[in-house]
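Peer 1: Can you read through this structure? Questions will come right after.
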Amino acid sequence: MAYIKEGLHDYTGAMYYLHLFYTKEPSRSVLRKMEELAQAHRLQGYEYNDLQFFKTQFSKHYMRILELMLLAAVVTATVMFFRWRKGHRFSKTFQVSYTLYLLFILYYINFLNLGDAGIITKNHVAIMSAPSAGGSWLATATEGHKVPIRGEQDIWYEIEWKGEKAFIRKSNLLELP
């Protein structure tokens, strides 16, 4: 699909499909293609580094890591139960460590977020300093730029634009999975 979109000169769509493919099958060749397209069309936000590669690998293996952590917690709880039935007492250090481990699993499931991003889908999009039409204008963006999403408020996404906190209408941004 990315090849077809590129052939139709729909670089926003091409970047979207390349991103989808990259999240499923991370490879350096896909990154090179995305960077090549971004440079050819002067798009921002497609600079990849080792941290981005780590985040992709991590999100790809998120469920497997979670399964292993839960398996370790269940096995430990089972062993603890049988040892407790035999009269074994556990040290405070072990109890605190196991509780912290369970809290980390809770955090991992509910709160761990490696960051969301989106692609600007329209030309001449206003980037505002506040989530309203009355906010001051920061820039006008063209389609295809990739921006990190920091939050949302009503019909606005809070984004980072050139290192600053900014806002863009939700209808002008395609959120990446």
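Simple scheme: letters A, B, ... for chains in structure tokens order, numbers from 1 for residues in each chain, numbers from 1 for ligands in the order shown.
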Counting only C-alpha atoms, which residues in range 64-118 of chain A sit no more than 6 Å from range 139-157 of chain A? For each one, give the nearest pair of atoms and the distance in Å, sorted by chain then residue number, as CSV.
Peer 2:
```
residue,atom,partner,partner_atom,distance
A:Asp116,CA,A:Ile149,CA,5.2
A:Ala117,CA,A:Pro148,CA,4.2
A:Gly118,CA,A:Val147,CA,5.5
```
Peer 1: May I have the residues from that selection written out with N, CA and C atoms, as a PDB file, in the first residue's frame?
Peer 2:
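Written file, part-v2.pdb:
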```
ATOM      1  N   ASP A 116       2.691   8.575  21.987  1.00  0.00           N
ATOM      2  CA  ASP A 116       1.848   8.498  20.806  1.00  0.00           C
ATOM      3  C   ASP A 116       2.322   9.536  19.808  1.00  0.00           C
ATOM      4  N   ALA A 117       2.006   9.304  18.552  1.00  0.00           N
ATOM      5  CA  ALA A 117       2.382  10.242  17.503  1.00  0.00           C
ATOM      6  C   ALA A 117       1.278  10.280  16.465  1.00  0.00           C
ATOM      7  N   GLY A 118       1.323  11.296  15.626  1.00  0.00           N
ATOM      8  CA  GLY A 118       0.345  11.433  14.561  1.00  0.00           C
ATOM      9  C   GLY A 118       0.966  12.106  13.358  1.00  0.00           C
TER      10      GLY A 118
END
```
Peer 1: Using backbone DSSP assignments, extract all helix (DSSP H, G or I) residues from range 30-175 of chain A; output them as number ranges by chain.
Peer 2: A: 30-40, 50-60, 62-85, 92-110, 170-172
Peer 1: Have a look at CA of Lys162 in chain A and CA of Ala126 in chain A and let me know their distance in Å, one decimal.
Peer 2: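 Going from CA of Lys162 in chain A over to CA of Ala126 in chain A covers 14.0 Å.
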Peer 1: What separation in Å, quoted to one decimal, exists between CA of Met69 in chain A and CA of Tyr22 in chain A?
Peer 2: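 About the pair CA of Met69 in chain A and CA of Tyr22 in chain A: they are 25.7 Å apart.
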Peer 1: According to DSSP computed on the backbone, where in chain A is there strand (DSSP E)? Give the residues as a PyMOL selection string.
Peer 2: chain A and resi 116-120+125-128+137-141+146-153+156-161+164-169+173-175
Peer 1: Since we have the selection now, will you write its residues out, keeping N, CA, C and O atoms, as a compact mmCIF listing (two decimals), in the first residue's frame?
Peer 2:
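The result, written out as result16.txt:
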```
# COMPACT_ATOMS: atom_id res chain seq x y z
N ASP A 116 2.69 8.57 21.99
CA ASP A 116 1.85 8.50 20.81
C ASP A 116 2.32 9.54 19.81
O ASP A 116 2.95 10.54 20.17
N ALA A 117 2.01 9.30 18.55
CA ALA A 117 2.38 10.24 17.50
C ALA A 117 1.28 10.28 16.46
O ALA A 117 0.39 9.41 16.43
N GLY A 118 1.32 11.30 15.63
CA GLY A 118 0.35 11.43 14.56
C GLY A 118 0.97 12.11 13.36
O GLY A 118 2.03 12.73 13.45
N ILE A 119 0.30 11.97 12.23
CA ILE A 119 0.75 12.59 10.98
C ILE A 119 -0.27 13.65 10.59
O ILE A 119 -1.47 13.39 10.56
N ILE A 120 0.22 14.84 10.28
CA ILE A 120 -0.65 15.93 9.83
C ILE A 120 -1.19 15.56 8.45
O ILE A 120 -0.42 15.20 7.55
N VAL A 125 -2.36 23.85 7.91
CA VAL A 125 -2.96 23.57 9.21
C VAL A 125 -2.37 24.52 10.24
O VAL A 125 -1.16 24.69 10.33
N ALA A 126 -3.24 25.13 11.02
CA ALA A 126 -2.80 26.07 12.05
C ALA A 126 -2.31 25.31 13.28
O ALA A 126 -3.01 24.45 13.80
N ILE A 127 -1.12 25.64 13.71
CA ILE A 127 -0.57 25.13 14.96
C ILE A 127 -0.73 26.26 15.96
O ILE A 127 -0.19 27.35 15.77
N MET A 128 -1.49 26.00 17.03
CA MET A 128 -1.87 27.05 17.97
C MET A 128 -1.17 26.86 19.31
O MET A 128 -0.76 25.77 19.67
N TRP A 137 -1.31 32.05 17.17
CA TRP A 137 -0.84 31.22 16.08
C TRP A 137 0.67 31.01 16.22
O TRP A 137 1.41 31.97 16.43
N LEU A 138 1.12 29.78 16.13
CA LEU A 138 2.55 29.48 16.21
C LEU A 138 3.15 29.23 14.83
O LEU A 138 4.24 29.70 14.53
N ALA A 139 2.43 28.46 14.01
CA ALA A 139 2.96 28.11 12.69
C ALA A 139 1.83 27.58 11.82
O ALA A 139 0.74 27.26 12.30
N THR A 140 2.12 27.48 10.55
CA THR A 140 1.23 26.82 9.61
C THR A 140 1.99 25.62 9.08
O THR A 140 3.10 25.76 8.57
N ALA A 141 1.40 24.45 9.23
CA ALA A 141 2.07 23.22 8.83
C ALA A 141 1.45 22.65 7.56
O ALA A 141 0.27 22.88 7.27
N LYS A 146 5.27 14.45 11.00
CA LYS A 146 4.95 13.56 12.12
C LYS A 146 5.23 14.33 13.41
O LYS A 146 6.30 14.91 13.56
N VAL A 147 4.26 14.32 14.33
CA VAL A 147 4.40 15.06 15.58
C VAL A 147 4.07 14.16 16.76
O VAL A 147 3.17 13.32 16.67
N PRO A 148 4.78 14.32 17.87
CA PRO A 148 4.43 13.56 19.08
C PRO A 148 3.17 14.14 19.72
O PRO A 148 3.02 15.35 19.83
N ILE A 149 2.27 13.25 20.13
CA ILE A 149 1.04 13.67 20.80
C ILE A 149 1.26 13.55 22.31
O ILE A 149 1.63 12.50 22.81
N ARG A 150 1.03 14.64 23.02
CA ARG A 150 1.25 14.67 24.47
C ARG A 150 -0.05 14.53 25.27
O ARG A 150 -0.04 14.20 26.44
N GLY A 151 -1.17 14.83 24.63
CA GLY A 151 -2.46 14.74 25.32
C GLY A 151 -3.56 15.21 24.39
O GLY A 151 -3.33 15.49 23.22
N GLU A 152 -4.75 15.32 24.95
CA GLU A 152 -5.87 15.81 24.14
C GLU A 152 -6.82 16.60 25.02
O GLU A 152 -6.90 16.38 26.23
N GLN A 153 -7.52 17.53 24.38
CA GLN A 153 -8.45 18.39 25.08
C GLN A 153 -9.56 18.76 24.11
O GLN A 153 -9.31 19.44 23.11
N TRP A 156 -9.00 19.10 20.33
CA TRP A 156 -7.60 19.43 20.10
C TRP A 156 -6.68 18.33 20.61
O TRP A 156 -6.95 17.72 21.63
N TYR A 157 -5.59 18.14 19.90
CA TYR A 157 -4.48 17.33 20.41
C TYR A 157 -3.40 18.28 20.90
O TYR A 157 -3.09 19.27 20.24
N GLU A 158 -2.84 17.96 22.05
CA GLU A 158 -1.66 18.68 22.50
C GLU A 158 -0.46 17.98 21.88
O GLU A 158 -0.28 16.77 22.05
N ILE A 159 0.35 18.72 21.15
CA ILE A 159 1.50 18.15 20.45
C ILE A 159 2.77 18.90 20.83
O ILE A 159 2.71 19.91 21.54
N GLU A 160 3.87 18.38 20.34
CA GLU A 160 5.14 19.10 20.47
C GLU A 160 5.54 19.53 19.07
O GLU A 160 5.68 18.71 18.16
N TRP A 161 5.68 20.84 18.89
CA TRP A 161 6.04 21.39 17.59
C TRP A 161 7.32 22.20 17.74
O TRP A 161 7.34 23.21 18.43
N GLU A 164 8.29 22.98 21.29
CA GLU A 164 7.34 23.75 22.09
C GLU A 164 6.02 23.02 22.22
O GLU A 164 5.63 22.25 21.34
N LYS A 165 5.31 23.30 23.29
CA LYS A 165 3.95 22.79 23.48
C LYS A 165 3.03 23.54 22.52
O LYS A 165 3.05 24.76 22.45
N ALA A 166 2.23 22.78 21.78
CA ALA A 166 1.34 23.39 20.81
C ALA A 166 0.06 22.55 20.71
O ALA A 166 -0.02 21.47 21.30
N PHE A 167 -0.91 23.06 19.94
CA PHE A 167 -2.18 22.37 19.80
C PHE A 167 -2.57 22.34 18.32
O PHE A 167 -2.30 23.29 17.58
N ILE A 168 -3.23 21.24 17.94
CA ILE A 168 -3.72 21.07 16.57
C ILE A 168 -5.08 20.41 16.65
O ILE A 168 -5.33 19.59 17.53
N ARG A 169 -5.97 20.77 15.74
CA ARG A 169 -7.30 20.16 15.72
C ARG A 169 -7.18 18.67 15.41
O ARG A 169 -6.39 18.26 14.58
N LEU A 173 -5.16 15.63 12.12
CA LEU A 173 -4.08 14.73 12.53
C LEU A 173 -4.55 13.29 12.47
O LEU A 173 -5.62 12.96 12.98
N LEU A 174 -3.76 12.44 11.85
CA LEU A 174 -4.03 11.00 11.79
C LEU A 174 -3.18 10.33 12.87
O LEU A 174 -1.95 10.35 12.78
N GLU A 175 -3.84 9.81 13.90
CA GLU A 175 -3.12 9.21 15.00
C GLU A 175 -2.53 7.87 14.56
O GLU A 175 -3.22 7.05 13.97
```
Peer 1: Select, from A:Ser136, A:His61, A:Thr121, A:Gly45, the residue with the minimum atom-to-atom distance to Lys170 in chain A, counting only C-alpha atoms.
Peer 2: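 For Lys170 in chain A, the nearest of the candidates is A:Thr121.
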Peer 1: Measuring atom to atom with only C-alpha atoms, identify which of A:Asn172, A:Thr76, A:Thr12, A:Gln57 is nearest to Leu102 in chain A.
Peer 2: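 When distances to Leu102 in chain A are compared using only C-alpha atoms, the smallest one comes from A:Thr76.
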Peer 1: I'd like the interatomic distance between CA of Glu47 in chain A and CA of Met34 in chain A, to a tenth of an Å.
Peer 2: 9.0 Å
Peer 1: Find the residue from A:Tyr46, A:Phe21, A:Tyr98, A:Tyr16 that sits nearest to Ala72 in chain A; use only C-alpha atoms when measuring.
Peer 2: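 Nearest candidate to Ala72 in chain A out of A:Tyr46, A:Phe21, A:Tyr98, A:Tyr16: A:Tyr98.
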Peer 1: Can you pull out every residue within 10 Å of Lys24 in chain A, counting only C-alpha atoms, but drop anything in the same chain fewer than 5 positions away, and send it as a list in words?
Peer 2: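 Surrounding residues, per the criterion: His19, Thr56, Gln57, Ser59 and Lys60 of chain A.
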Peer 1: Mind checking which residues fall within 12 Å of Leu31 in chain A, counting only C-alpha atoms, ignoring those fewer than 2 positions away in the same chain, and posting them as a list of chain:residue names?
Peer 2: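 Once the adjacent positions are removed, what remains is A:Met15, A:Leu18, A:His19, A:Leu20, A:Phe21, A:Tyr22, A:Thr23, A:Glu25, A:Pro26, A:Ser27, A:Arg28, A:Ser29, A:Lys33, A:Met34, A:Glu35, A:Glu36, A:Leu37, A:Ala38, A:Tyr46, A:Glu47, A:Tyr48, A:Asn49, A:Asp50, A:Gln52, A:Phe53, A:Thr56.
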